[in-house]
Number of protein chains: 4
Amino acid sequence: MATGFAHEIRVGWGDCDPAKIAYTGRIPEWALASIDAWWEAHLDGDGWFQMELDRGYGTPFVSMQLDFRHPITPRHRLICRVHPVRLGTKSISFAVSGFQNDVLCFEGEFTNVFVDPNGFQSIPAPVEVRALVAPMLPG
Amino acid sequence: MATGFAHEIRVGWGDCDPAKIAYTGRIPEWALASIDAWWEAHLDGDGWFQMELDRGYGTPFVSMQLDFRHPITPRHRLICRVHPVRLGTKSISFAVSGFQNDVLCFEGEFTNVFVDPNGFQSIPAPVEVRALVAPMLPG
Amino acid sequence: MATGFAHEIRVGWGDCDPAKIAYTGRIPEWALASIDAWWEAHLDGDGWFQMELDRGYGTPFVSMQLDFRHPITPRHRLICRVHPVRLGTKSISFAVSGFQNDVLCFEGEFTNVFVDPNGFQSIPAPVEVRALVAPMLPG
Amino acid sequence: MATGFAHEIRVGWGDCDPAKIAYTGRIPEWALASIDAWWEAHLDGDGWFQMELDRGYGTPFVSMQLDFRHPITPRHRLICRVHPVRLGTKSISFAVSGFQNDVLCFEGEFTNVFVDPNGFQSIPAPVEVRALVAPMLPG
């Protein structure tokens with residue numbers, strides 16, 4: 001149902017384990033790449049790399065939580081939907097859910113803090129991020 | 001303080017991102033490898049591979065939850081402690097915590113269900129697993 | 001100059017090491033995924049997974065060779081071009097070259113043998129593969 | 001037969017593909033980690049991370065070549081032997097070979113150049129590296 005940003009992952013042979021489904025360890029990586037791609041889509045093409053090197057802020061993770069609902073295979077593309085769900089003074093949380101052939105395969109929530117790349121001190125959410133994200137938050 | 005099983009990970013250059021710390025996406029993989037190594041240490045050298053192929057049961061993940069407490073770097077080995085914390089009729093949960101130089105870097109909880117590799121149907125915890133794990137559970 | 005099949009890779013923060021370029025260990029994985037995608041594009045949507053499980057032949061690697069020409073970063077998509085370059089009785093070789101912003105970043109050659117998935121015995125190149133690939137080979 | 005430095009890899013379920021052997025894409029990563037571990041064993045505990053950040057030189061790869069001789073599985077540890085085989089004015093080459101249960105599984109050669117981390121300019125092999133490696137080279 002949910003619309004909004006979606007990031008497509010090509011699941012391949014090399015992502016699968018002997019049970020013939022995607023190895024669990026790959027799924028957090030796909031969720032993270034989808035969040036990185038979310039930033040890129042919303043910050044003029046700048047993902048985590050450019051945020052840290054060009055814009056002067058990093059967003060390390062403080063937590064992640066994932067529920068695995070259905071096996072993932074190479075038979076369909078994996079569509080990862082990303083939504084910001086919370087914006088704290090110094091943190092941001094995203095919901096990520098992955099679908100194959102319209103079936104929910106995983107869903108999770110991920111929280112990052114904003115830091116100064118020099119010294120790793122936490123900082124308030126940058127003004128440009130607050131302006132971008134605040135209107136997107138669930139009512 | 002906690003004793004019990006520990007799995008050592010060599011953190012290297014290739015695990016680190018431009019922030020000069022281990023990339024978040026690597027950490028769930030290390031936690032999973034540590035659980036796999038826990039089985040190997042407790043089932044006569046058989047990890048997930050032999051459990052599925054030789055012993056006839058698989059343990060796919062239904063959830064994971066991780067808190068990241070401290071950056072991980074190549075300057076120390078990462079010591080991952082694994083403990084079973086819950087044994088349901090058809091599931092098992094593990095706590096995994098990772099330390100570098102005695103500093104807690106991450107902690108998390110992971111739940112698997114037992115399945116028949118042919119058909120992926122859930123099954124009760126195998127007798128040999130119940131006998132192994134029950135005495136280890138927290139009082 | 002070369003046209004033909006191209007597979008696009010999104011290079012992200014998590015692919016980069018502290019030198020702020022893609023970690024070398026990621027590059028063979030991208031080349032392999034590009035070959036897998038080449039099959040998918042040429043076999044009615046079937047990549048290595050379906051070749052092994054549905055079509056009854058596998059293509060394990062016997063060698064790879066890579067030259068790294070230019071650093072890879074998240075600032076551009078990585079375009080991987082794949083061409084079959086040799087078809088032996090029981091083997092196939094691919095050339096893969098990766099470009100960012102029209103600059104050659106890596107090039108390599110990869111050789112697979114055809115095997116029966118049951119028992120891993122080498123087999124002649126399947127008829128459907130020979131029919132597909134023979135017309136594509138360099139003069 | 002060859003003695004010298006060996007790095008042990010724990011091959012697990014998550015490293016294997018549906019053919020029930022280690023996925024090819026994992027093998028270059030293991031070879032690289034073994035070279036990183038070789039430096040660590042020979043430079044007072046400093047691998048690529050400390051070489052770049054503390055000692056002031058990097059060693060990016062310019063080429064790799066691998067032959068895959070035998071499938072790798074979780075049934076044995078993978079023992080990776082590393083030897084420097086060539087030291088140029090500005091480059092170094094390593095041979096890496098991987099064994100399971102005394103069977104050769106892969107062998108390869110890898111060449112790095114020395115660079116200044118600031119600007120990525122190639123530099124002569126550092127004096128400390130030349131002193132270390134020269135006596136180890138094959139006659």
# chains A, B, ... in the order shown; residues from 1 in each chain; ligands from 1

$ closest_atom_pairs --of "chain D" --to "chain B" --cutoff "8 Å" --atoms "only C-alpha atoms" --output "Markdown table"
| residue | atom | partner | partner_atom | distance |
| --- | --- | --- | --- | --- |
| D:Gly12 | CA | B:Phe49 | CA | 7.0 |
| D:Trp13 | CA | B:Phe49 | CA | 5.0 |
| D:Gly14 | CA | B:Ala33 | CA | 7.7 |
| D:Ala33 | CA | B:Gly12 | CA | 7.1 |
| D:Asp36 | CA | B:Gly12 | CA | 7.3 |
| D:Gly47 | CA | B:Gly12 | CA | 7.5 |
| D:Trp48 | CA | B:Trp13 | CA | 5.9 |
| D:Phe49 | CA | B:Trp13 | CA | 5.0 |
| D:Gln50 | CA | B:Arg75 | CA | 8.0 |
| D:Pro74 | CA | B:Phe49 | CA | 6.8 |
| D:Arg75 | CA | B:Gln50 | CA | 8.0 |

$ write_last_selection --atoms "N, CA, C and O atoms" --output "JSON list (two decimals), in the first residue's frame"
[["chain", "number", "residue", "atom", "x", "y", "z"],
["D", 12, "GLY", "N", 31.91, -20.78, 6.76],
["D", 12, "GLY", "CA", 30.63, -21.12, 7.39],
["D", 12, "GLY", "C", 29.50, -21.21, 6.37],
["D", 12, "GLY", "O", 29.68, -20.94, 5.17],
["D", 13, "TRP", "N", 28.36, -21.54, 6.88],
["D", 13, "TRP", "CA", 27.11, -21.64, 6.12],
["D", 13, "TRP", "C", 26.89, -20.40, 5.25],
["D", 13, "TRP", "O", 26.54, -20.49, 4.06],
["D", 14, "GLY", "N", 27.10, -19.25, 5.84],
["D", 14, "GLY", "CA", 26.82, -17.99, 5.15],
["D", 14, "GLY", "C", 27.80, -17.69, 4.02],
["D", 14, "GLY", "O", 27.58, -16.77, 3.24],
["D", 33, "ALA", "N", 42.26, -10.72, 2.89],
["D", 33, "ALA", "CA", 42.38, -10.69, 4.36],
["D", 33, "ALA", "C", 43.65, -11.40, 4.80],
["D", 33, "ALA", "O", 44.27, -11.01, 5.80],
["D", 36, "ASP", "N", 46.51, -9.00, 4.32],
["D", 36, "ASP", "CA", 46.42, -8.02, 5.41],
["D", 36, "ASP", "C", 46.99, -8.63, 6.71],
["D", 36, "ASP", "O", 47.78, -8.00, 7.43],
["D", 47, "GLY", "N", 48.48, -3.98, 10.40],
["D", 47, "GLY", "CA", 48.01, -4.36, 9.08],
["D", 47, "GLY", "C", 47.77, -3.12, 8.23],
["D", 47, "GLY", "O", 48.27, -2.03, 8.51],
["D", 48, "TRP", "N", 47.01, -3.30, 7.15],
["D", 48, "TRP", "CA", 46.76, -2.18, 6.22],
["D", 48, "TRP", "C", 46.21, -0.93, 6.92],
["D", 48, "TRP", "O", 46.53, 0.18, 6.52],
["D", 49, "PHE", "N", 45.37, -1.15, 7.92],
["D", 49, "PHE", "CA", 44.75, -0.03, 8.61],
["D", 49, "PHE", "C", 45.82, 0.85, 9.27],
["D", 49, "PHE", "O", 45.86, 2.06, 9.07],
["D", 50, "GLN", "N", 46.70, 0.22, 10.02],
["D", 50, "GLN", "CA", 47.74, 0.98, 10.71],
["D", 50, "GLN", "C", 48.82, 1.45, 9.75],
["D", 50, "GLN", "O", 49.43, 2.51, 9.96],
["D", 74, "PRO", "N", 32.45, -25.77, 4.48],
["D", 74, "PRO", "CA", 32.63, -25.55, 5.93],
["D", 74, "PRO", "C", 33.18, -26.77, 6.68],
["D", 74, "PRO", "O", 33.37, -26.69, 7.89],
["D", 75, "ARG", "N", 33.47, -27.86, 5.99],
["D", 75, "ARG", "CA", 33.87, -29.07, 6.72],
["D", 75, "ARG", "C", 35.31, -29.02, 7.23],
["D", 75, "ARG", "O", 35.71, -29.85, 8.05]]

$ calpha_fit_and_write --fixed "chain D" --moving "chain A" --output "PDB file with C-alpha atoms, in the first residue's frame"
ATOM      1  CA  MET A   1      55.219 -28.452   1.625  1.00  0.00           C
ATOM      2  CA  ALA A   2      55.747 -24.720   1.835  1.00  0.00           C
ATOM      3  CA  THR A   3      56.023 -23.446   5.351  1.00  0.00           C
ATOM      4  CA  GLY A   4      55.841 -19.831   6.329  1.00  0.00           C
ATOM      5  CA  PHE A   5      52.915 -17.668   7.247  1.00  0.00           C
ATOM      6  CA  ALA A   6      49.436 -19.172   7.311  1.00  0.00           C
ATOM      7  CA  HIS A   7      46.140 -17.441   8.031  1.00  0.00           C
ATOM      8  CA  GLU A   8      43.168 -19.513   9.094  1.00  0.00           C
ATOM      9  CA  ILE A   9      39.665 -18.782   7.808  1.00  0.00           C
ATOM     10  CA  ARG A  10      36.522 -20.252   9.336  1.00  0.00           C
ATOM     11  CA  VAL A  11      34.285 -21.093   6.385  1.00  0.00           C
ATOM     12  CA  GLY A  12      30.626 -21.110   7.396  1.00  0.00           C
ATOM     13  CA  TRP A  13      27.116 -21.632   6.112  1.00  0.00           C
ATOM     14  CA  GLY A  14      26.809 -17.993   5.154  1.00  0.00           C
ATOM     15  CA  ASP A  15      29.834 -18.265   2.857  1.00  0.00           C
ATOM     16  CA  CYS A  16      28.220 -21.048   0.817  1.00  0.00           C
ATOM     17  CA  ASP A  17      25.919 -20.836  -2.170  1.00  0.00           C
ATOM     18  CA  PRO A  18      23.155 -23.235  -3.230  1.00  0.00           C
ATOM     19  CA  ALA A  19      25.794 -25.564  -4.731  1.00  0.00           C
ATOM     20  CA  LYS A  20      26.808 -26.160  -1.074  1.00  0.00           C
ATOM     21  CA  ILE A  21      30.324 -24.816  -1.583  1.00  0.00           C
ATOM     22  CA  ALA A  22      31.864 -21.469  -0.775  1.00  0.00           C
ATOM     23  CA  TYR A  23      30.715 -18.818  -3.245  1.00  0.00           C
ATOM     24  CA  THR A  24      33.506 -17.779  -5.607  1.00  0.00           C
ATOM     25  CA  GLY A  25      33.103 -14.129  -4.651  1.00  0.00           C
ATOM     26  CA  ARG A  26      34.198 -14.887  -1.092  1.00  0.00           C
ATOM     27  CA  ILE A  27      37.568 -16.318  -2.122  1.00  0.00           C
ATOM     28  CA  PRO A  28      39.276 -13.092  -3.258  1.00  0.00           C
ATOM     29  CA  GLU A  29      38.133 -11.515   0.018  1.00  0.00           C
ATOM     30  CA  TRP A  30      39.796 -14.306   1.990  1.00  0.00           C
ATOM     31  CA  ALA A  31      42.988 -13.982  -0.032  1.00  0.00           C
ATOM     32  CA  LEU A  32      43.027 -10.240   0.636  1.00  0.00           C
ATOM     33  CA  ALA A  33      42.371 -10.689   4.354  1.00  0.00           C
ATOM     34  CA  SER A  34      45.264 -13.160   4.419  1.00  0.00           C
ATOM     35  CA  ILE A  35      47.633 -10.610   2.894  1.00  0.00           C
ATOM     36  CA  ASP A  36      46.415  -8.023   5.416  1.00  0.00           C
ATOM     37  CA  ALA A  37      47.089 -10.574   8.174  1.00  0.00           C
ATOM     38  CA  TRP A  38      50.554 -11.264   6.699  1.00  0.00           C
ATOM     39  CA  TRP A  39      51.492  -7.597   7.169  1.00  0.00           C
ATOM     40  CA  GLU A  40      50.082  -7.636  10.678  1.00  0.00           C
ATOM     41  CA  ALA A  41      52.226 -10.653  11.543  1.00  0.00           C
ATOM     42  CA  HIS A  42      55.369  -9.016  10.151  1.00  0.00           C
ATOM     43  CA  LEU A  43      54.946  -5.350  11.118  1.00  0.00           C
ATOM     44  CA  ASP A  44      54.512  -5.572  14.898  1.00  0.00           C
ATOM     45  CA  GLY A  45      50.768  -6.063  14.699  1.00  0.00           C
ATOM     46  CA  ASP A  46      50.137  -3.399  12.074  1.00  0.00           C
ATOM     47  CA  GLY A  47      48.013  -4.382   9.066  1.00  0.00           C
ATOM     48  CA  TRP A  48      46.762  -2.194   6.209  1.00  0.00           C
ATOM     49  CA  PHE A  49      44.755  -0.027   8.609  1.00  0.00           C
ATOM     50  CA  GLN A  50      47.751   0.971  10.706  1.00  0.00           C
ATOM     51  CA  MET A  51      50.073   1.133   7.686  1.00  0.00           C
ATOM     52  CA  GLU A  52      47.822   3.767   6.154  1.00  0.00           C
ATOM     53  CA  LEU A  53      46.866   5.692   9.303  1.00  0.00           C
ATOM     54  CA  ASP A  54      49.987   5.357  11.458  1.00  0.00           C
ATOM     55  CA  ARG A  55      52.897   4.541   9.146  1.00  0.00           C
ATOM     56  CA  GLY A  56      51.920   6.780   6.248  1.00  0.00           C
ATOM     57  CA  TYR A  57      51.754   4.446   3.274  1.00  0.00           C
ATOM     58  CA  GLY A  58      49.005   2.561   1.504  1.00  0.00           C
ATOM     59  CA  THR A  59      49.215  -0.462  -0.800  1.00  0.00           C
ATOM     60  CA  PRO A  60      46.302  -0.449  -3.281  1.00  0.00           C
ATOM     61  CA  PHE A  61      45.951  -3.413  -5.619  1.00  0.00           C
ATOM     62  CA  VAL A  62      46.787  -3.150  -9.303  1.00  0.00           C
ATOM     63  CA  SER A  63      46.080  -6.761 -10.222  1.00  0.00           C
ATOM     64  CA  MET A  64      44.963 -10.134  -8.981  1.00  0.00           C
ATOM     65  CA  GLN A  65      44.895 -13.534 -10.607  1.00  0.00           C
ATOM     66  CA  LEU A  66      43.270 -16.624  -9.114  1.00  0.00           C
ATOM     67  CA  ASP A  67      42.924 -20.269 -10.104  1.00  0.00           C
ATOM     68  CA  PHE A  68      40.274 -22.307  -8.321  1.00  0.00           C
ATOM     69  CA  ARG A  69      41.435 -25.897  -7.895  1.00  0.00           C
ATOM     70  CA  HIS A  70      38.971 -27.532  -5.520  1.00  0.00           C
ATOM     71  CA  PRO A  71      35.647 -26.620  -3.895  1.00  0.00           C
ATOM     72  CA  ILE A  72      35.806 -25.048  -0.431  1.00  0.00           C
ATOM     73  CA  THR A  73      33.278 -26.108   2.221  1.00  0.00           C
ATOM     74  CA  PRO A  74      32.619 -25.536   5.937  1.00  0.00           C
ATOM     75  CA  ARG A  75      33.850 -29.062   6.726  1.00  0.00           C
ATOM     76  CA  HIS A  76      37.436 -27.887   7.251  1.00  0.00           C
ATOM     77  CA  ARG A  77      39.181 -24.677   8.113  1.00  0.00           C
ATOM     78  CA  LEU A  78      40.739 -22.907   5.121  1.00  0.00           C
ATOM     79  CA  ILE A  79      44.471 -22.405   5.598  1.00  0.00           C
ATOM     80  CA  CYS A  80      45.783 -19.524   3.476  1.00  0.00           C
ATOM     81  CA  ARG A  81      49.534 -19.421   2.904  1.00  0.00           C
ATOM     82  CA  VAL A  82      51.030 -16.067   1.924  1.00  0.00           C
ATOM     83  CA  HIS A  83      54.502 -15.375   0.509  1.00  0.00           C
ATOM     84  CA  PRO A  84      55.957 -12.233  -0.997  1.00  0.00           C
ATOM     85  CA  VAL A  85      57.273 -13.201  -4.432  1.00  0.00           C
ATOM     86  CA  ARG A  86      58.461  -9.933  -5.964  1.00  0.00           C
ATOM     87  CA  LEU A  87      59.482  -6.500  -4.758  1.00  0.00           C
ATOM     88  CA  GLY A  88      59.673  -3.810  -7.411  1.00  0.00           C
ATOM     89  CA  THR A  89      60.794  -0.239  -6.958  1.00  0.00           C
ATOM     90  CA  LYS A  90      57.233   0.810  -6.192  1.00  0.00           C
ATOM     91  CA  SER A  91      55.334  -2.464  -5.989  1.00  0.00           C
ATOM     92  CA  ILE A  92      55.091  -5.777  -4.181  1.00  0.00           C
ATOM     93  CA  SER A  93      53.573  -9.101  -5.241  1.00  0.00           C
ATOM     94  CA  PHE A  94      52.261 -11.903  -3.070  1.00  0.00           C
ATOM     95  CA  ALA A  95      51.439 -15.511  -3.799  1.00  0.00           C
ATOM     96  CA  VAL A  96      48.475 -16.817  -1.810  1.00  0.00           C
ATOM     97  CA  SER A  97      47.359 -20.433  -1.752  1.00  0.00           C
ATOM     98  CA  GLY A  98      44.461 -21.903   0.189  1.00  0.00           C
ATOM     99  CA  PHE A  99      44.254 -25.430   1.544  1.00  0.00           C
ATOM    100  CA  GLN A 100      41.559 -27.497   3.203  1.00  0.00           C
ATOM    101  CA  ASN A 101      42.527 -30.798   4.749  1.00  0.00           C
ATOM    102  CA  ASP A 102      45.881 -30.496   2.901  1.00  0.00           C
ATOM    103  CA  VAL A 103      44.163 -30.220  -0.494  1.00  0.00           C
ATOM    104  CA  LEU A 104      44.982 -27.142  -2.591  1.00  0.00           C
ATOM    105  CA  CYS A 105      41.735 -25.242  -3.134  1.00  0.00           C
ATOM    106  CA  PHE A 106      42.947 -22.043  -4.789  1.00  0.00           C
ATOM    107  CA  GLU A 107      46.154 -20.267  -5.657  1.00  0.00           C
ATOM    108  CA  GLY A 108      46.737 -16.770  -6.886  1.00  0.00           C
ATOM    109  CA  GLU A 109      49.029 -13.830  -7.249  1.00  0.00           C
ATOM    110  CA  PHE A 110      48.326 -10.281  -6.156  1.00  0.00           C
ATOM    111  CA  THR A 111      50.229  -7.061  -6.875  1.00  0.00           C
ATOM    112  CA  ASN A 112      50.073  -3.855  -4.883  1.00  0.00           C
ATOM    113  CA  VAL A 113      51.723  -0.485  -5.408  1.00  0.00           C
ATOM    114  CA  PHE A 114      52.908   1.741  -2.597  1.00  0.00           C
ATOM    115  CA  VAL A 115      51.191   5.113  -2.373  1.00  0.00           C
ATOM    116  CA  ASP A 116      51.132   8.210  -0.253  1.00  0.00           C
ATOM    117  CA  PRO A 117      47.677   8.182   1.415  1.00  0.00           C
ATOM    118  CA  ASN A 118      47.470  11.932   0.805  1.00  0.00           C
ATOM    119  CA  GLY A 119      46.868  12.206  -2.887  1.00  0.00           C
ATOM    120  CA  PHE A 120      47.323   8.598  -3.873  1.00  0.00           C
ATOM    121  CA  GLN A 121      50.696   9.234  -5.596  1.00  0.00           C
ATOM    122  CA  SER A 122      52.857   6.162  -6.032  1.00  0.00           C
ATOM    123  CA  ILE A 123      55.994   6.103  -3.895  1.00  0.00           C
ATOM    124  CA  PRO A 124      59.039   3.826  -3.567  1.00  0.00           C
ATOM    125  CA  ALA A 125      58.660   0.837  -1.294  1.00  0.00           C
ATOM    126  CA  PRO A 126      59.285   2.160   2.252  1.00  0.00           C
ATOM    127  CA  VAL A 127      62.715   1.355   3.707  1.00  0.00           C
ATOM    128  CA  GLU A 128      61.173  -0.727   6.494  1.00  0.00           C
ATOM    129  CA  VAL A 129      59.285  -2.816   3.951  1.00  0.00           C
ATOM    130  CA  ARG A 130      62.337  -3.346   1.775  1.00  0.00           C
ATOM    131  CA  ALA A 131      64.358  -4.475   4.792  1.00  0.00           C
ATOM    132  CA  LEU A 132      61.598  -6.865   5.813  1.00  0.00           C
ATOM    133  CA  VAL A 133      60.737  -8.357   2.459  1.00  0.00           C
ATOM    134  CA  ALA A 134      64.041  -8.553   0.549  1.00  0.00           C
ATOM    135  CA  PRO A 135      65.382 -11.510   2.563  1.00  0.00           C
ATOM    136  CA  MET A 136      62.120 -13.414   2.058  1.00  0.00           C
ATOM    137  CA  LEU A 137      62.068 -13.331  -1.717  1.00  0.00           C
ATOM    138  CA  PRO A 138      62.579 -16.534  -3.660  1.00  0.00           C
ATOM    139  CA  GLY A 139      66.230 -16.941  -4.672  1.00  0.00           C
TER     140      GLY A 139
END

$ select_by_dssp --residues "stretch 19-127 of chain B" --states "alpha helix (DSSP H)" --output "PyMOL selection string"
chain B and resi 26-42+48-50+127

$ select_by_dssp --residues "stretch 11-111 of chain B" --states "strand (DSSP E)" --output "PyMOL selection string"
chain B and resi 61-68+78-87+91-100+103-111

$ write_last_selection --atoms "N, CA and C atoms" --output "mmCIF file, in the first residue's frame"
data_model
loop_
_atom_site.group_PDB
_atom_site.id
_atom_site.type_symbol
_atom_site.label_atom_id
_atom_site.label_comp_id
_atom_site.auth_asym_id
_atom_site.auth_seq_id
_atom_site.Cartn_x
_atom_site.Cartn_y
_atom_site.Cartn_z
ATOM 1 N N PHE B 61 16.420 -17.510 10.617
ATOM 2 C CA PHE B 61 16.181 -16.400 11.548
ATOM 3 C C PHE B 61 14.790 -15.817 11.345
ATOM 4 N N VAL B 62 14.137 -15.512 12.451
ATOM 5 C CA VAL B 62 12.881 -14.767 12.363
ATOM 6 C C VAL B 62 13.038 -13.328 12.851
ATOM 7 N N SER B 63 14.050 -13.069 13.642
ATOM 8 C CA SER B 63 14.255 -11.673 14.061
ATOM 9 C C SER B 63 15.670 -11.457 14.550
ATOM 10 N N MET B 64 16.088 -10.207 14.482
ATOM 11 C CA MET B 64 17.343 -9.805 15.107
ATOM 12 C C MET B 64 17.187 -8.373 15.622
ATOM 13 N N GLN B 65 17.920 -8.085 16.658
ATOM 14 C CA GLN B 65 17.871 -6.745 17.249
ATOM 15 C C GLN B 65 19.274 -6.444 17.741
ATOM 16 N N LEU B 66 19.791 -5.285 17.379
ATOM 17 C CA LEU B 66 21.172 -4.947 17.714
ATOM 18 C C LEU B 66 21.269 -3.502 18.214
ATOM 19 N N ASP B 67 22.040 -3.322 19.287
ATOM 20 C CA ASP B 67 22.411 -1.976 19.720
ATOM 21 C C ASP B 67 23.912 -1.828 19.560
ATOM 22 N N PHE B 68 24.291 -0.706 18.968
ATOM 23 C CA PHE B 68 25.708 -0.447 18.709
ATOM 24 C C PHE B 68 26.204 0.530 19.763
ATOM 25 N N LEU B 78 37.895 -8.586 17.803
ATOM 26 C CA LEU B 78 36.525 -8.466 18.312
ATOM 27 C C LEU B 78 36.145 -9.807 18.934
ATOM 28 N N ILE B 79 35.831 -9.778 20.210
ATOM 29 C CA ILE B 79 35.474 -11.011 20.932
ATOM 30 C C ILE B 79 33.949 -11.045 21.056
ATOM 31 N N CYS B 80 33.335 -12.032 20.408
ATOM 32 C CA CYS B 80 31.876 -12.136 20.405
ATOM 33 C C CYS B 80 31.437 -13.235 21.367
ATOM 34 N N ARG B 81 30.702 -12.837 22.376
ATOM 35 C CA ARG B 81 30.187 -13.806 23.363
ATOM 36 C C ARG B 81 28.769 -14.191 22.966
ATOM 37 N N VAL B 82 28.480 -15.476 23.030
ATOM 38 C CA VAL B 82 27.180 -16.009 22.602
ATOM 39 C C VAL B 82 26.588 -16.840 23.738
ATOM 40 N N HIS B 83 25.325 -16.600 24.035
ATOM 41 C CA HIS B 83 24.600 -17.384 25.048
ATOM 42 C C HIS B 83 23.197 -17.680 24.550
ATOM 43 N N PRO B 84 22.748 -18.907 24.658
ATOM 44 C CA PRO B 84 21.317 -19.127 24.421
ATOM 45 C C PRO B 84 20.542 -18.505 25.582
ATOM 46 N N VAL B 85 19.446 -17.828 25.269
ATOM 47 C CA VAL B 85 18.693 -17.154 26.329
ATOM 48 C C VAL B 85 17.240 -17.623 26.406
ATOM 49 N N ARG B 86 16.785 -18.361 25.407
ATOM 50 C CA ARG B 86 15.391 -18.799 25.431
ATOM 51 C C ARG B 86 15.250 -19.979 24.489
ATOM 52 N N LEU B 87 14.476 -20.967 24.912
ATOM 53 C CA LEU B 87 14.211 -22.132 24.064
ATOM 54 C C LEU B 87 12.705 -22.352 24.060
ATOM 55 N N SER B 91 11.537 -22.740 18.698
ATOM 56 C CA SER B 91 12.463 -21.634 18.442
ATOM 57 C C SER B 91 13.556 -21.590 19.494
ATOM 58 N N ILE B 92 14.595 -20.828 19.161
ATOM 59 C CA ILE B 92 15.694 -20.612 20.097
ATOM 60 C C ILE B 92 16.181 -19.177 19.927
ATOM 61 N N SER B 93 16.549 -18.562 21.048
ATOM 62 C CA SER B 93 17.070 -17.189 20.987
ATOM 63 C C SER B 93 18.448 -17.145 21.615
ATOM 64 N N PHE B 94 19.298 -16.326 20.988
ATOM 65 C CA PHE B 94 20.662 -16.137 21.466
ATOM 66 C C PHE B 94 20.924 -14.662 21.771
ATOM 67 N N ALA B 95 21.649 -14.434 22.829
ATOM 68 C CA ALA B 95 22.227 -13.106 23.064
ATOM 69 C C ALA B 95 23.662 -13.130 22.565
ATOM 70 N N VAL B 96 24.044 -12.107 21.832
ATOM 71 C CA VAL B 96 25.422 -11.989 21.344
ATOM 72 C C VAL B 96 25.935 -10.605 21.741
ATOM 73 N N SER B 97 27.112 -10.554 22.315
ATOM 74 C CA SER B 97 27.708 -9.256 22.647
ATOM 75 C C SER B 97 29.149 -9.255 22.180
ATOM 76 N N GLY B 98 29.582 -8.120 21.630
ATOM 77 C CA GLY B 98 30.917 -8.020 21.055
ATOM 78 C C GLY B 98 31.776 -7.030 21.821
ATOM 79 N N PHE B 99 32.997 -7.436 22.122
ATOM 80 C CA PHE B 99 33.911 -6.619 22.919
ATOM 81 C C PHE B 99 35.222 -6.406 22.182
ATOM 82 N N GLN B 100 35.761 -5.210 22.330
ATOM 83 C CA GLN B 100 37.139 -4.974 21.896
ATOM 84 C C GLN B 100 37.896 -4.372 23.067
ATOM 85 N N VAL B 103 35.902 -3.469 26.040
ATOM 86 C CA VAL B 103 34.833 -2.470 25.919
ATOM 87 C C VAL B 103 33.690 -3.087 25.108
ATOM 88 N N LEU B 104 32.464 -2.957 25.616
ATOM 89 C CA LEU B 104 31.300 -3.486 24.899
ATOM 90 C C LEU B 104 31.073 -2.642 23.634
ATOM 91 N N CYS B 105 31.073 -3.284 22.485
ATOM 92 C CA CYS B 105 30.903 -2.585 21.204
ATOM 93 C C CYS B 105 29.484 -2.757 20.649
ATOM 94 N N PHE B 106 28.935 -3.935 20.793
ATOM 95 C CA PHE B 106 27.540 -4.133 20.375
ATOM 96 C C PHE B 106 26.927 -5.231 21.219
ATOM 97 N N GLU B 107 25.620 -5.236 21.296
ATOM 98 C CA GLU B 107 24.906 -6.354 21.914
ATOM 99 C C GLU B 107 23.604 -6.530 21.167
ATOM 100 N N GLY B 108 23.135 -7.772 21.117
ATOM 101 C CA GLY B 108 21.927 -8.017 20.363
ATOM 102 C C GLY B 108 21.278 -9.324 20.730
ATOM 103 N N GLU B 109 20.083 -9.509 20.196
ATOM 104 C CA GLU B 109 19.369 -10.764 20.416
ATOM 105 C C GLU B 109 18.834 -11.258 19.088
ATOM 106 N N PHE B 110 18.890 -12.572 18.905
ATOM 107 C CA PHE B 110 18.608 -13.201 17.625
ATOM 108 C C PHE B 110 17.721 -14.414 17.874
ATOM 109 N N THR B 111 16.660 -14.545 17.082
ATOM 110 C CA THR B 111 15.758 -15.692 17.250
ATOM 111 C C THR B 111 15.660 -16.497 15.960
#
